[in-house]
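Engineer: Encoded as C-alpha cells, here's the structure I'll be asking about.
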Amino acid sequence: MADADHLRARRIEALRLEFGKLYGVEPTAWFRAPGRVDLMGSHTDYNDGFVATMTVDRDTWLVLRPRPDHRVRVASLNLGGTAEFDLGEIERDQAVPWTDYVRGAAAVLSGEGHALTGFDGLLHSTVPFGSGLSSSAAIESVTLLGFAAVSGISHEPLQLALLGQRVENEFVGLACGILDQYTSVLGTAGHALLLDCRTLSSEAVSIAPTLSVVICDTRAPRQLTGSEYDERRAQCEAGAAQLLGRPPGQARLRDVSLELFEARASELDPVVARRCRFIIEENARVLALAEALPQGDEELLGRLYDASWAGAIELFEIGAPAMAAMHAAMDEAPGLIARRQAGAGFGGCLVAIVHSGEVEAFAGHVTREYHGATGFEPSVFDVRAALGAGVVEPG
Ligand code: ADP
Ligand code: MG
C-alpha cells in the first residue's frame, strides 16, 4: 500500500510539474477513468449478450484548467504532440491521431447541443495502450468528464458511457460495443460486473479472496484492424438474421438458443456457423462464470476458461502467435487456475486467474518462459477492480 501511495504522489507531482511548464499555472480540476479486463465474454457485447467484466487499478488522469475562450489545448505525458483546436471547428487530426479521442469527446457533446467551455489539459495513463485493457475507453470517459465539468453539464453514468461509445464509433471510427465504456464508467471497486449488454444493466459479482486476476500482456504489436472486427460483427449479424428469420441488422445472437443453433447450423455458411457457435457458447459461459467467481470454484473456472480459449482460437479465430506463446508460457506456471484471451484478440493480453498467494512465482515463471520463447519482454501484473470514472482529490 505504501508503494501505491508513493506512486500516486509521484504521479501528482509529475502532472503538476509538466502542467506548470506547459501553461505556467496550476491545474484546477483532476479526473480519472480506469481501464478494464473481460473475465469472460469475448465479442459478446455487440451481440446483445453478457460479459463478466472488471475495472483494473490502472487508469487515465486528466488534469485541467478552464479557459475563458473556446479553445482547447491538451497534451499527454504518454505520447508526443498536442491537441489544439477551437470548439467551433472540430476536425480529425491525421498528424496526431491520439488527439482524436479529445476532439471526439468535444464533438459528441457539442452535437448533443451543449455549449462547451474550453480548457488547458494534460493526460497521463497507466493503462497500456493497444493491449486490450481499453485505454481508449479510459481516455474517452475522462475527457467527457472534464468537458462536462468545466461546462456545467452533468450526466448519469450510463449516459456518459454511451457518449464514450459514440466518440469511438462516430469520431475515432471503431464500431465497438458498449463493454469498455460501460465498465470504465460504472465499475465497482473490489467486484467484477455481470453486464447485460441488451438492458445495459449490471450486477456486482464478488471474487473469492483465494483468486487473483493477473494480466499477461504479450506486448507484441496487436494485429487488430477495424476490418477484422467489422467482419466478425457482420458474420454474427448474418448468422443471427438467418437463424431468427429476420432482416439483417434486426437480429442478435443473444436470442439464439444453443438448441436452435444446433438444429439449424447446417444451413449456415460454415464460417458463419463457427462464429455463431462461439458467441452462443461464450454467452452461457459468462453466466456460469458469475456463479464460479464468488465461490472460487477452481475446477469450473479452469474448464470455462479452457473452453473460451479453444473457441476463440478454433471458432472465432481471433488468435495470434504471441497469444499462443503466452498461453504456452503458462503451461507449468505455479498457482495457475485458469487462462484465456482478453480484449478483442489478435494479440494484446491474456488474463489468468491465479492462487492469491502465488502471483509473484506465477509472474516470474511466465515472464521467463515467454521471453525465452519469443524474445519479447512481457508485462505480467495482478489487478484489482477499481472504482469507475470520477474526480481525483490530489491533496
Ligand atoms: P486499447 O483501448 O486496447 O488500449 P486502442 O487502440 O483502442 O487500444 O486505444 C489506444 C489509443 O488510445 C492509443 O494508441 C492512443 O491513441 C489513445 N490514448 C489512450 N490513452 C492516452 C493518453 N493518456 N494519452 C494519449 N493517447 C492516449
Ligand atoms: Mg480500445
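In the C-alpha cells, each chain is lettered A, B, ... as it comes, each chain's residues begin at 1, and ligands are numbered from 1 in order of appearance.
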I'd like the contact shell of Ala263 in chain A - 12 Å cut-off, only C-alpha atoms, skipping same-chain residues fewer than 5 positions apart - returned as a list of chain:residue names.

Structural biologist: A:Leu243, A:Val256, A:Ser257, A:Leu258, A:Leu268, A:Ala273, A:Arg277

Engineer: As a PDB file with N, CA, C and O atoms, in the first residue's frame, please: the residues near Lys21 in chain A (cut-off 12 Å, only C-alpha atoms, same-chain neighbours under 6 positions excluded).

Structural biologist:
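selection.pdb, written as the output of this step:
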ATOM      1  N   ALA A  14       4.397  14.815 -10.960  1.00  0.00           N
ATOM      2  CA  ALA A  14       4.793  14.885 -12.377  1.00  0.00           C
ATOM      3  C   ALA A  14       3.767  15.665 -13.192  1.00  0.00           C
ATOM      4  O   ALA A  14       4.121  16.464 -14.072  1.00  0.00           O
ATOM      5  N   LEU A  15       2.486  15.460 -12.895  1.00  0.00           N
ATOM      6  CA  LEU A  15       1.438  16.173 -13.643  1.00  0.00           C
ATOM      7  C   LEU A  15       1.471  17.668 -13.324  1.00  0.00           C
ATOM      8  O   LEU A  15       1.357  18.499 -14.228  1.00  0.00           O
ATOM      9  N   PRO A  27      -3.131  23.289 -12.384  1.00  0.00           N
ATOM     10  CA  PRO A  27      -4.447  22.766 -12.792  1.00  0.00           C
ATOM     11  C   PRO A  27      -5.462  22.991 -11.665  1.00  0.00           C
ATOM     12  O   PRO A  27      -5.087  23.050 -10.494  1.00  0.00           O
ATOM     13  N   ALA A  75      -2.220  18.095 -23.801  1.00  0.00           N
ATOM     14  CA  ALA A  75      -1.000  17.317 -24.039  1.00  0.00           C
ATOM     15  C   ALA A  75      -1.104  16.011 -23.255  1.00  0.00           C
ATOM     16  O   ALA A  75      -2.014  15.842 -22.444  1.00  0.00           O
ATOM     17  N   LEU A 122      -3.911  18.179 -19.392  1.00  0.00           N
ATOM     18  CA  LEU A 122      -2.783  17.248 -19.501  1.00  0.00           C
ATOM     19  C   LEU A 122      -3.265  15.862 -19.095  1.00  0.00           C
ATOM     20  O   LEU A 122      -3.921  15.698 -18.059  1.00  0.00           O
TER      21      LEU A 122
END

Engineer: Which residues are near Val286 in chain A? Cut-off 6 Å, only C-alpha atoms, ignore same chain within fewer than 4 positions. Put them as a list of chain:residue names.

Structural biologist: A:Met40, A:Gly41, A:Val51, A:Ala52

Engineer: Emit the selected residues as a CSV table (one decimal), in the first residue's frame, including all heavy atoms.

Structural biologist:
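Printed below is again_0.csv as written:
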chain,number,residue,atom,x,y,z
A,40,MET,N,-14.8,-12.9,-18.9
A,40,MET,CA,-15.4,-13.9,-19.8
A,40,MET,C,-16.4,-13.1,-20.7
A,40,MET,O,-17.0,-12.1,-20.2
A,40,MET,CB,-16.2,-14.9,-19.0
A,40,MET,CG,-16.8,-16.1,-19.9
A,40,MET,SD,-15.5,-17.0,-20.7
A,40,MET,CE,-14.9,-18.0,-19.3
A,41,GLY,N,-16.4,-13.5,-22.0
A,41,GLY,CA,-17.4,-12.8,-22.9
A,41,GLY,C,-16.6,-12.0,-24.0
A,41,GLY,O,-16.7,-10.8,-24.0
A,51,VAL,N,-21.4,-10.1,-20.5
A,51,VAL,CA,-19.9,-10.1,-20.3
A,51,VAL,C,-19.6,-10.0,-18.8
A,51,VAL,O,-20.3,-9.3,-18.0
A,51,VAL,CB,-19.2,-8.8,-20.9
A,51,VAL,CG1,-17.7,-9.0,-20.9
A,51,VAL,CG2,-19.7,-8.5,-22.3
A,52,ALA,N,-18.7,-10.8,-18.3
A,52,ALA,CA,-18.1,-10.7,-17.0
A,52,ALA,C,-16.9,-9.8,-17.1
A,52,ALA,O,-15.9,-10.1,-17.7
A,52,ALA,CB,-17.7,-12.0,-16.4

Engineer: Going by DSSP on the backbone, which bits of range 5-144 of chain A are helix (DSSP H, G or I)? Write them as a compact mmCIF listing (two decimals) with all heavy atoms, in the first residue's frame, please.

Structural biologist:
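And here's states_6.txt as it stands now:
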# COMPACT_ATOMS: atom_id res chain seq x y z
N ASP A 5 0.78 4.44 -2.60
CA ASP A 5 0.72 5.85 -2.19
C ASP A 5 1.87 6.65 -2.77
O ASP A 5 1.71 7.78 -3.21
CB ASP A 5 0.77 5.95 -0.65
CG ASP A 5 -0.53 5.51 -0.02
OD1 ASP A 5 -1.52 5.38 -0.77
OD2 ASP A 5 -0.55 5.26 1.20
N HIS A 6 3.03 6.04 -2.76
CA HIS A 6 4.23 6.69 -3.28
C HIS A 6 4.08 6.96 -4.78
O HIS A 6 4.37 8.06 -5.27
CB HIS A 6 5.43 5.79 -2.99
CG HIS A 6 6.73 6.34 -3.48
ND1 HIS A 6 7.29 7.48 -2.95
CD2 HIS A 6 7.57 5.92 -4.47
CE1 HIS A 6 8.42 7.74 -3.59
NE2 HIS A 6 8.61 6.81 -4.51
N LEU A 7 3.62 5.95 -5.50
CA LEU A 7 3.44 6.11 -6.95
C LEU A 7 2.42 7.20 -7.25
O LEU A 7 2.59 8.01 -8.17
CB LEU A 7 2.99 4.79 -7.58
CG LEU A 7 4.07 3.72 -7.72
CD1 LEU A 7 3.47 2.41 -8.22
CD2 LEU A 7 5.17 4.19 -8.67
N ARG A 8 1.37 7.23 -6.43
CA ARG A 8 0.32 8.23 -6.63
C ARG A 8 0.88 9.63 -6.40
O ARG A 8 0.62 10.56 -7.18
CB ARG A 8 -0.84 7.95 -5.66
CG ARG A 8 -2.05 8.82 -5.87
CD ARG A 8 -3.17 8.40 -4.92
NE ARG A 8 -4.41 9.09 -5.23
CZ ARG A 8 -4.74 10.28 -4.77
NH1 ARG A 8 -3.91 10.93 -3.96
NH2 ARG A 8 -5.89 10.84 -5.12
N ALA A 9 1.67 9.78 -5.34
CA ALA A 9 2.26 11.09 -5.04
C ALA A 9 3.19 11.53 -6.17
O ALA A 9 3.19 12.71 -6.56
CB ALA A 9 3.01 11.03 -3.71
N ARG A 10 3.95 10.59 -6.69
CA ARG A 10 4.86 10.94 -7.80
C ARG A 10 4.10 11.32 -9.07
O ARG A 10 4.51 12.19 -9.84
CB ARG A 10 5.79 9.77 -8.10
CG ARG A 10 7.01 9.77 -7.18
CD ARG A 10 7.99 8.70 -7.50
NE ARG A 10 8.19 8.42 -8.92
CZ ARG A 10 8.81 7.34 -9.37
NH1 ARG A 10 9.30 6.46 -8.53
NH2 ARG A 10 8.94 7.13 -10.67
N ARG A 11 3.00 10.65 -9.25
CA ARG A 11 2.18 10.94 -10.43
C ARG A 11 1.60 12.35 -10.35
O ARG A 11 1.60 13.10 -11.32
CB ARG A 11 1.05 9.89 -10.48
CG ARG A 11 0.28 9.87 -11.75
CD ARG A 11 -0.76 8.76 -11.67
NE ARG A 11 -1.36 8.53 -12.97
CZ ARG A 11 -2.38 7.70 -13.17
NH1 ARG A 11 -2.88 7.01 -12.15
NH2 ARG A 11 -2.89 7.55 -14.37
N ILE A 12 1.11 12.68 -9.15
CA ILE A 12 0.53 14.02 -8.94
C ILE A 12 1.61 15.09 -9.16
O ILE A 12 1.37 16.09 -9.85
CB ILE A 12 -0.06 14.11 -7.51
CG1 ILE A 12 -1.32 13.25 -7.43
CG2 ILE A 12 -0.35 15.56 -7.11
CD1 ILE A 12 -1.85 13.03 -6.01
N GLU A 13 2.79 14.80 -8.64
CA GLU A 13 3.88 15.76 -8.77
C GLU A 13 4.27 15.93 -10.25
O GLU A 13 4.47 17.05 -10.73
CB GLU A 13 5.07 15.25 -7.96
CG GLU A 13 6.15 16.25 -7.70
CD GLU A 13 7.30 15.58 -6.96
OE1 GLU A 13 7.06 15.03 -5.86
OE2 GLU A 13 8.43 15.60 -7.48
N ALA A 14 4.40 14.82 -10.96
CA ALA A 14 4.79 14.88 -12.38
C ALA A 14 3.77 15.67 -13.19
O ALA A 14 4.12 16.46 -14.07
CB ALA A 14 4.95 13.47 -12.94
N LEU A 15 2.49 15.46 -12.90
CA LEU A 15 1.44 16.17 -13.64
C LEU A 15 1.47 17.67 -13.32
O LEU A 15 1.36 18.50 -14.23
CB LEU A 15 0.07 15.57 -13.31
CG LEU A 15 -0.25 14.28 -14.09
CD1 LEU A 15 -1.37 13.50 -13.42
CD2 LEU A 15 -0.64 14.62 -15.54
N ARG A 16 1.64 18.00 -12.04
CA ARG A 16 1.71 19.43 -11.66
C ARG A 16 2.88 20.12 -12.35
O ARG A 16 2.76 21.22 -12.87
CB ARG A 16 1.89 19.55 -10.14
CG ARG A 16 0.62 19.41 -9.36
CD ARG A 16 0.67 20.29 -8.08
NE ARG A 16 -0.64 20.29 -7.46
CZ ARG A 16 -0.97 19.55 -6.38
NH1 ARG A 16 -0.07 18.77 -5.80
NH2 ARG A 16 -2.19 19.61 -5.89
N LEU A 17 4.02 19.42 -12.32
CA LEU A 17 5.25 19.99 -12.89
C LEU A 17 5.08 20.25 -14.39
O LEU A 17 5.36 21.35 -14.88
CB LEU A 17 6.40 19.00 -12.64
CG LEU A 17 7.80 19.53 -12.87
CD1 LEU A 17 8.15 20.52 -11.76
CD2 LEU A 17 8.80 18.36 -12.86
N GLU A 18 4.63 19.24 -15.10
CA GLU A 18 4.51 19.38 -16.55
C GLU A 18 3.41 20.39 -16.91
O GLU A 18 3.55 21.17 -17.86
CB GLU A 18 4.23 18.02 -17.19
CG GLU A 18 4.18 18.01 -18.71
CD GLU A 18 5.50 18.37 -19.38
OE1 GLU A 18 6.56 18.26 -18.70
OE2 GLU A 18 5.48 18.77 -20.56
N PHE A 19 2.34 20.38 -16.13
CA PHE A 19 1.25 21.34 -16.39
C PHE A 19 1.78 22.77 -16.26
O PHE A 19 1.50 23.64 -17.08
CB PHE A 19 0.10 21.11 -15.41
CG PHE A 19 -1.20 21.74 -15.84
CD1 PHE A 19 -2.12 21.02 -16.59
CD2 PHE A 19 -1.51 23.06 -15.52
CE1 PHE A 19 -3.33 21.59 -16.99
CE2 PHE A 19 -2.71 23.64 -15.92
CZ PHE A 19 -3.62 22.90 -16.66
N GLY A 20 2.59 22.98 -15.20
CA GLY A 20 3.19 24.30 -14.99
C GLY A 20 4.10 24.70 -16.14
O GLY A 20 4.08 25.84 -16.59
N LYS A 21 4.88 23.72 -16.62
CA LYS A 21 5.78 24.02 -17.74
C LYS A 21 5.00 24.39 -18.99
O LYS A 21 5.36 25.30 -19.74
CB LYS A 21 6.62 22.78 -18.08
CG LYS A 21 7.87 22.63 -17.23
CD LYS A 21 8.77 21.59 -17.88
CE LYS A 21 9.55 20.84 -16.83
NZ LYS A 21 10.01 19.53 -17.28
N LEU A 22 3.92 23.67 -19.21
CA LEU A 22 3.14 23.88 -20.44
C LEU A 22 2.34 25.17 -20.41
O LEU A 22 2.28 25.91 -21.39
CB LEU A 22 2.15 22.72 -20.64
CG LEU A 22 2.70 21.39 -21.13
CD1 LEU A 22 1.64 20.31 -20.98
CD2 LEU A 22 3.14 21.51 -22.59
N TYR A 23 1.70 25.42 -19.26
CA TYR A 23 0.71 26.50 -19.23
C TYR A 23 1.03 27.61 -18.22
O TYR A 23 0.31 28.62 -18.15
CB TYR A 23 -0.68 25.92 -18.92
CG TYR A 23 -1.08 24.78 -19.83
CD1 TYR A 23 -1.34 23.51 -19.32
CD2 TYR A 23 -1.19 24.97 -21.22
CE1 TYR A 23 -1.71 22.46 -20.15
CE2 TYR A 23 -1.56 23.91 -22.06
CZ TYR A 23 -1.82 22.66 -21.51
OH TYR A 23 -2.17 21.61 -22.34
N ASP A 45 -20.52 -8.44 -26.56
CA ASP A 45 -21.24 -7.18 -26.28
C ASP A 45 -22.07 -6.70 -27.47
O ASP A 45 -23.23 -6.37 -27.33
CB ASP A 45 -20.31 -6.08 -25.73
CG ASP A 45 -19.23 -5.59 -26.68
OD1 ASP A 45 -18.95 -6.30 -27.67
OD2 ASP A 45 -18.67 -4.51 -26.42
N TYR A 46 -21.49 -6.74 -28.66
CA TYR A 46 -22.26 -6.25 -29.82
C TYR A 46 -23.28 -7.29 -30.31
O TYR A 46 -24.00 -7.04 -31.27
CB TYR A 46 -21.33 -5.76 -30.95
CG TYR A 46 -20.32 -6.78 -31.46
CD1 TYR A 46 -20.70 -7.82 -32.30
CD2 TYR A 46 -18.98 -6.67 -31.11
CE1 TYR A 46 -19.79 -8.73 -32.78
CE2 TYR A 46 -18.04 -7.58 -31.58
CZ TYR A 46 -18.46 -8.60 -32.42
OH TYR A 46 -17.54 -9.51 -32.88
N ASN A 47 -23.31 -8.44 -29.67
CA ASN A 47 -24.36 -9.43 -29.93
C ASN A 47 -25.48 -9.34 -28.89
O ASN A 47 -26.25 -10.28 -28.73
CB ASN A 47 -23.76 -10.83 -29.96
CG ASN A 47 -22.95 -11.06 -31.24
OD1 ASN A 47 -23.53 -11.10 -32.33
ND2 ASN A 47 -21.64 -11.17 -31.12
N THR A 99 -5.11 12.57 -30.44
CA THR A 99 -5.92 13.73 -30.06
C THR A 99 -7.37 13.58 -30.53
O THR A 99 -8.25 14.31 -30.08
CB THR A 99 -5.34 15.05 -30.61
OG1 THR A 99 -5.45 15.07 -32.04
CG2 THR A 99 -3.89 15.23 -30.19
N ASP A 100 -7.61 12.62 -31.42
CA ASP A 100 -8.99 12.43 -31.89
C ASP A 100 -9.93 12.01 -30.76
O ASP A 100 -11.13 12.26 -30.82
CB ASP A 100 -9.04 11.39 -33.02
CG ASP A 100 -8.57 11.99 -34.35
OD1 ASP A 100 -8.44 13.23 -34.42
OD2 ASP A 100 -8.32 11.22 -35.29
N TYR A 101 -9.38 11.35 -29.73
CA TYR A 101 -10.24 10.98 -28.59
C TYR A 101 -10.73 12.23 -27.86
O TYR A 101 -11.85 12.28 -27.37
CB TYR A 101 -9.48 10.05 -27.63
CG TYR A 101 -9.18 8.70 -28.26
CD1 TYR A 101 -7.95 8.47 -28.89
CD2 TYR A 101 -10.12 7.68 -28.27
CE1 TYR A 101 -7.67 7.23 -29.48
CE2 TYR A 101 -9.85 6.45 -28.85
CZ TYR A 101 -8.62 6.24 -29.45
OH TYR A 101 -8.36 5.03 -30.04
N VAL A 102 -9.85 13.25 -27.79
CA VAL A 102 -10.22 14.50 -27.14
C VAL A 102 -11.17 15.29 -28.04
O VAL A 102 -12.22 15.79 -27.60
CB VAL A 102 -8.94 15.34 -26.85
CG1 VAL A 102 -9.31 16.67 -26.22
CG2 VAL A 102 -7.98 14.55 -25.97
N ARG A 103 -10.81 15.38 -29.31
CA ARG A 103 -11.67 16.10 -30.26
C ARG A 103 -13.04 15.43 -30.35
O ARG A 103 -14.07 16.10 -30.42
CB ARG A 103 -11.01 16.10 -31.66
CG ARG A 103 -9.70 16.84 -31.72
CD ARG A 103 -8.91 16.49 -33.00
NE ARG A 103 -7.54 16.95 -32.89
CZ ARG A 103 -7.14 18.20 -33.18
NH1 ARG A 103 -8.00 19.07 -33.66
NH2 ARG A 103 -5.89 18.55 -33.02
N GLY A 104 -13.02 14.10 -30.35
CA GLY A 104 -14.27 13.34 -30.46
C GLY A 104 -15.19 13.60 -29.28
O GLY A 104 -16.41 13.72 -29.45
N ALA A 105 -14.61 13.68 -28.08
CA ALA A 105 -15.43 13.95 -26.89
C ALA A 105 -16.10 15.31 -27.04
O ALA A 105 -17.31 15.47 -26.76
CB ALA A 105 -14.57 13.90 -25.63
N ALA A 106 -15.33 16.28 -27.50
CA ALA A 106 -15.90 17.62 -27.70
C ALA A 106 -16.97 17.60 -28.79
O ALA A 106 -18.05 18.21 -28.64
CB ALA A 106 -14.79 18.61 -28.06
N ALA A 107 -16.70 16.87 -29.86
CA ALA A 107 -17.64 16.84 -30.99
C ALA A 107 -18.97 16.18 -30.58
O ALA A 107 -20.05 16.69 -30.92
CB ALA A 107 -17.02 16.08 -32.16
N VAL A 108 -18.88 15.09 -29.85
CA VAL A 108 -20.10 14.38 -29.47
C VAL A 108 -20.93 15.23 -28.49
O VAL A 108 -22.16 15.33 -28.63
CB VAL A 108 -19.76 12.99 -28.88
CG1 VAL A 108 -20.94 12.39 -28.15
CG2 VAL A 108 -19.29 12.05 -29.98
N LEU A 109 -20.27 15.86 -27.54
CA LEU A 109 -21.01 16.72 -26.59
C LEU A 109 -21.61 17.93 -27.31
O LEU A 109 -22.76 18.31 -27.06
CB LEU A 109 -20.10 17.18 -25.45
CG LEU A 109 -19.76 16.12 -24.40
CD1 LEU A 109 -18.70 16.64 -23.44
CD2 LEU A 109 -21.01 15.68 -23.63
N SER A 110 -20.84 18.55 -28.20
CA SER A 110 -21.37 19.68 -28.97
C SER A 110 -22.58 19.25 -29.79
O SER A 110 -23.58 19.96 -29.88
CB SER A 110 -20.32 20.26 -29.92
OG SER A 110 -19.25 20.78 -29.19
N GLY A 111 -22.44 18.06 -30.39
CA GLY A 111 -23.52 17.52 -31.20
C GLY A 111 -24.81 17.31 -30.40
O GLY A 111 -25.90 17.31 -30.95
N SER A 135 -7.47 1.36 -22.90
CA SER A 135 -7.01 2.74 -22.64
C SER A 135 -7.87 3.71 -23.43
O SER A 135 -8.01 4.87 -23.04
CB SER A 135 -5.54 2.89 -23.02
OG SER A 135 -5.36 2.82 -24.41
N SER A 136 -8.48 3.24 -24.52
CA SER A 136 -9.30 4.16 -25.33
C SER A 136 -10.58 4.54 -24.57
O SER A 136 -10.96 5.72 -24.54
CB SER A 136 -9.62 3.58 -26.71
OG SER A 136 -10.35 2.39 -26.60
N ALA A 137 -11.22 3.58 -23.92
CA ALA A 137 -12.41 3.94 -23.14
C ALA A 137 -12.02 4.85 -21.98
O ALA A 137 -12.77 5.77 -21.61
CB ALA A 137 -13.10 2.69 -22.61
N ALA A 138 -10.85 4.60 -21.39
CA ALA A 138 -10.42 5.43 -20.27
C ALA A 138 -10.24 6.88 -20.71
O ALA A 138 -10.70 7.81 -20.03
CB ALA A 138 -9.13 4.88 -19.67
N ILE A 139 -9.59 7.09 -21.84
CA ILE A 139 -9.37 8.49 -22.30
C ILE A 139 -10.71 9.12 -22.72
O ILE A 139 -10.95 10.30 -22.47
CB ILE A 139 -8.30 8.57 -23.42
CG1 ILE A 139 -7.91 10.03 -23.68
CG2 ILE A 139 -8.70 7.91 -24.69
CD1 ILE A 139 -6.77 10.20 -24.69
N GLU A 140 -11.59 8.32 -23.28
CA GLU A 140 -12.91 8.86 -23.65
C GLU A 140 -13.69 9.30 -22.41
O GLU A 140 -14.22 10.41 -22.35
CB GLU A 140 -13.72 7.81 -24.43
CG GLU A 140 -13.23 7.57 -25.85
CD GLU A 140 -13.49 6.17 -26.36
OE1 GLU A 140 -14.25 5.40 -25.72
OE2 GLU A 140 -12.92 5.83 -27.42
N SER A 141 -13.74 8.40 -21.42
CA SER A 141 -14.52 8.70 -20.21
C SER A 141 -13.97 9.92 -19.50
O SER A 141 -14.71 10.80 -19.06
CB SER A 141 -14.48 7.52 -19.24
OG SER A 141 -14.85 6.34 -19.89
N VAL A 142 -12.64 9.96 -19.36
CA VAL A 142 -12.05 11.04 -18.57
C VAL A 142 -12.20 12.38 -19.30
O VAL A 142 -12.40 13.42 -18.66
CB VAL A 142 -10.58 10.69 -18.22
CG1 VAL A 142 -9.60 11.10 -19.31
CG2 VAL A 142 -10.18 11.29 -16.90
N THR A 143 -12.11 12.36 -20.61
CA THR A 143 -12.23 13.61 -21.35
C THR A 143 -13.67 14.12 -21.34
O THR A 143 -13.91 15.33 -21.19
CB THR A 143 -11.73 13.42 -22.81
OG1 THR A 143 -10.48 12.75 -22.77
CG2 THR A 143 -11.55 14.76 -23.50
N LEU A 144 -14.60 13.20 -21.47
CA LEU A 144 -16.01 13.60 -21.36
C LEU A 144 -16.30 14.20 -19.99
O LEU A 144 -16.99 15.23 -19.88
CB LEU A 144 -16.93 12.40 -21.61
CG LEU A 144 -17.03 11.93 -23.06
CD1 LEU A 144 -17.67 10.55 -23.12
CD2 LEU A 144 -17.85 12.93 -23.90

Engineer: Would you list the residues that come within 10 Å of ligand 2? Count only C-alpha atoms and all ligand atoms and give the answer as an NGL selection string.

Structural biologist: :A and (35 or 129-140 or 168 or 174 or 176 or 180-181 or 343-344)

Engineer: Restricting it to C-alpha atoms, dump the selection as a PDB file, in the first residue's frame.

Structural biologist:
ATOM      1  CA  GLY A  35      -9.160   0.561 -17.917  1.00  0.00           C
ATOM      2  CA  PHE A 129      -2.104   1.151 -24.996  1.00  0.00           C
ATOM      3  CA  GLY A 130      -3.426  -1.278 -27.558  1.00  0.00           C
ATOM      4  CA  SER A 131      -3.245  -4.286 -25.232  1.00  0.00           C
ATOM      5  CA  GLY A 132      -6.963  -4.879 -24.804  1.00  0.00           C
ATOM      6  CA  LEU A 133      -7.346  -3.184 -21.409  1.00  0.00           C
ATOM      7  CA  SER A 134      -9.146  -0.314 -23.078  1.00  0.00           C
ATOM      8  CA  SER A 135      -7.011   2.736 -22.643  1.00  0.00           C
ATOM      9  CA  SER A 136      -9.305   4.164 -25.326  1.00  0.00           C
ATOM     10  CA  ALA A 137     -12.414   3.938 -23.136  1.00  0.00           C
ATOM     11  CA  ALA A 138     -10.419   5.432 -20.268  1.00  0.00           C
ATOM     12  CA  ILE A 139      -9.370   8.485 -22.296  1.00  0.00           C
ATOM     13  CA  GLU A 140     -12.914   8.864 -23.655  1.00  0.00           C
ATOM     14  CA  GLU A 168     -15.237   5.724 -30.541  1.00  0.00           C
ATOM     15  CA  LEU A 174     -14.200   1.781 -34.471  1.00  0.00           C
ATOM     16  CA  CYS A 176     -17.052  -1.255 -30.774  1.00  0.00           C
ATOM     17  CA  ASP A 180     -15.337  -0.897 -22.482  1.00  0.00           C
ATOM     18  CA  GLN A 181     -17.040   2.409 -21.763  1.00  0.00           C
ATOM     19  CA  GLY A 343      -9.959  -7.933 -25.168  1.00  0.00           C
ATOM     20  CA  ALA A 344     -10.787  -8.366 -28.834  1.00  0.00           C
TER      21      ALA A 344
END

Engineer: In Å to one decimal, how far is CA of Ala288 in chain A from CA of Ala322 in chain A?

Structural biologist: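 About the pair CA of Ala322 in chain A and CA of Ala288 in chain A: they are 28.1 Å apart.
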
Engineer: Please report the interatomic distance between atom 23 (N, counted along the ligand's line) of ligand 1 and CA of Trp30 in chain A in Å with one decimal.

Structural biologist: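 Going from atom 23 (N, counted along the ligand's line) of ligand 1 over to CA of Trp30 in chain A covers 13.7 Å.
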
Engineer: If we count only C-alpha atoms, what is near Ala161 in chain A at a cut-off of 9 Å, once residues fewer than 3 positions away on the same chain are taken out, given as a list in words?

Structural biologist: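 Returned residues: Ala137, Glu140, Ser141, Glu156, Pro157, Leu158, Gly164, Gln165, Arg166, Ile178, Asp180, Gln181, Tyr182, Thr183, Ser184, Val185 and Leu186 of chain A.
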
Engineer: Just checking: using only C-alpha atoms and all ligand atoms, which residue out of A:Val354, A:Val366, A:Leu62, A:Leu123 ends up closest to ligand 1?

Structural biologist: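 Under the stated criterion, the closest residue is A:Leu123.
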
Engineer: Kindly give the distance, in Å, that separates CA of Glu89 in chain A and CA of Gly118 in chain A, rounded to a single decimal.

Structural biologist: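 Between CA of Glu89 in chain A and CA of Gly118 in chain A the gap is 12.3 Å.
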
Engineer: Counting only C-alpha atoms, which residues of range 22-101 of chain A sit at most 12 Å from some atom of range 370-390 of chain A, and what is each one's closest atom pair with its distance in Å to one decimal, listed by chain and rising residue number, as a tab-separated table?

Structural biologist:
residue	atom	partner	partner_atom	distance
A:Ala29	CA	A:Gly390	CA	11.1
A:Trp30	CA	A:Gly390	CA	8.8
A:Phe31	CA	A:Gly390	CA	5.8
A:Arg32	CA	A:Ala389	CA	5.6
A:Ala33	CA	A:Ala389	CA	4.0
A:Pro34	CA	A:Gly388	CA	6.3
A:Gly35	CA	A:Gly388	CA	9.1
A:Arg36	CA	A:Ala385	CA	8.3
A:Val37	CA	A:Val383	CA	9.3
A:Asp38	CA	A:Ala385	CA	11.5
A:Leu39	CA	A:Ala385	CA	11.6
A:Thr53	CA	A:Ala385	CA	9.6
A:Met54	CA	A:Ala385	CA	5.8
A:Thr55	CA	A:Ala385	CA	4.8
A:Val56	CA	A:Ala385	CA	4.9
A:Asp57	CA	A:Ala386	CA	5.1
A:Arg58	CA	A:Val383	CA	8.1
A:Asp59	CA	A:Ala389	CA	8.9
A:Thr60	CA	A:Ala389	CA	9.3
A:Trp61	CA	A:Ala389	CA	9.6
A:Leu62	CA	A:Gly390	CA	10.5
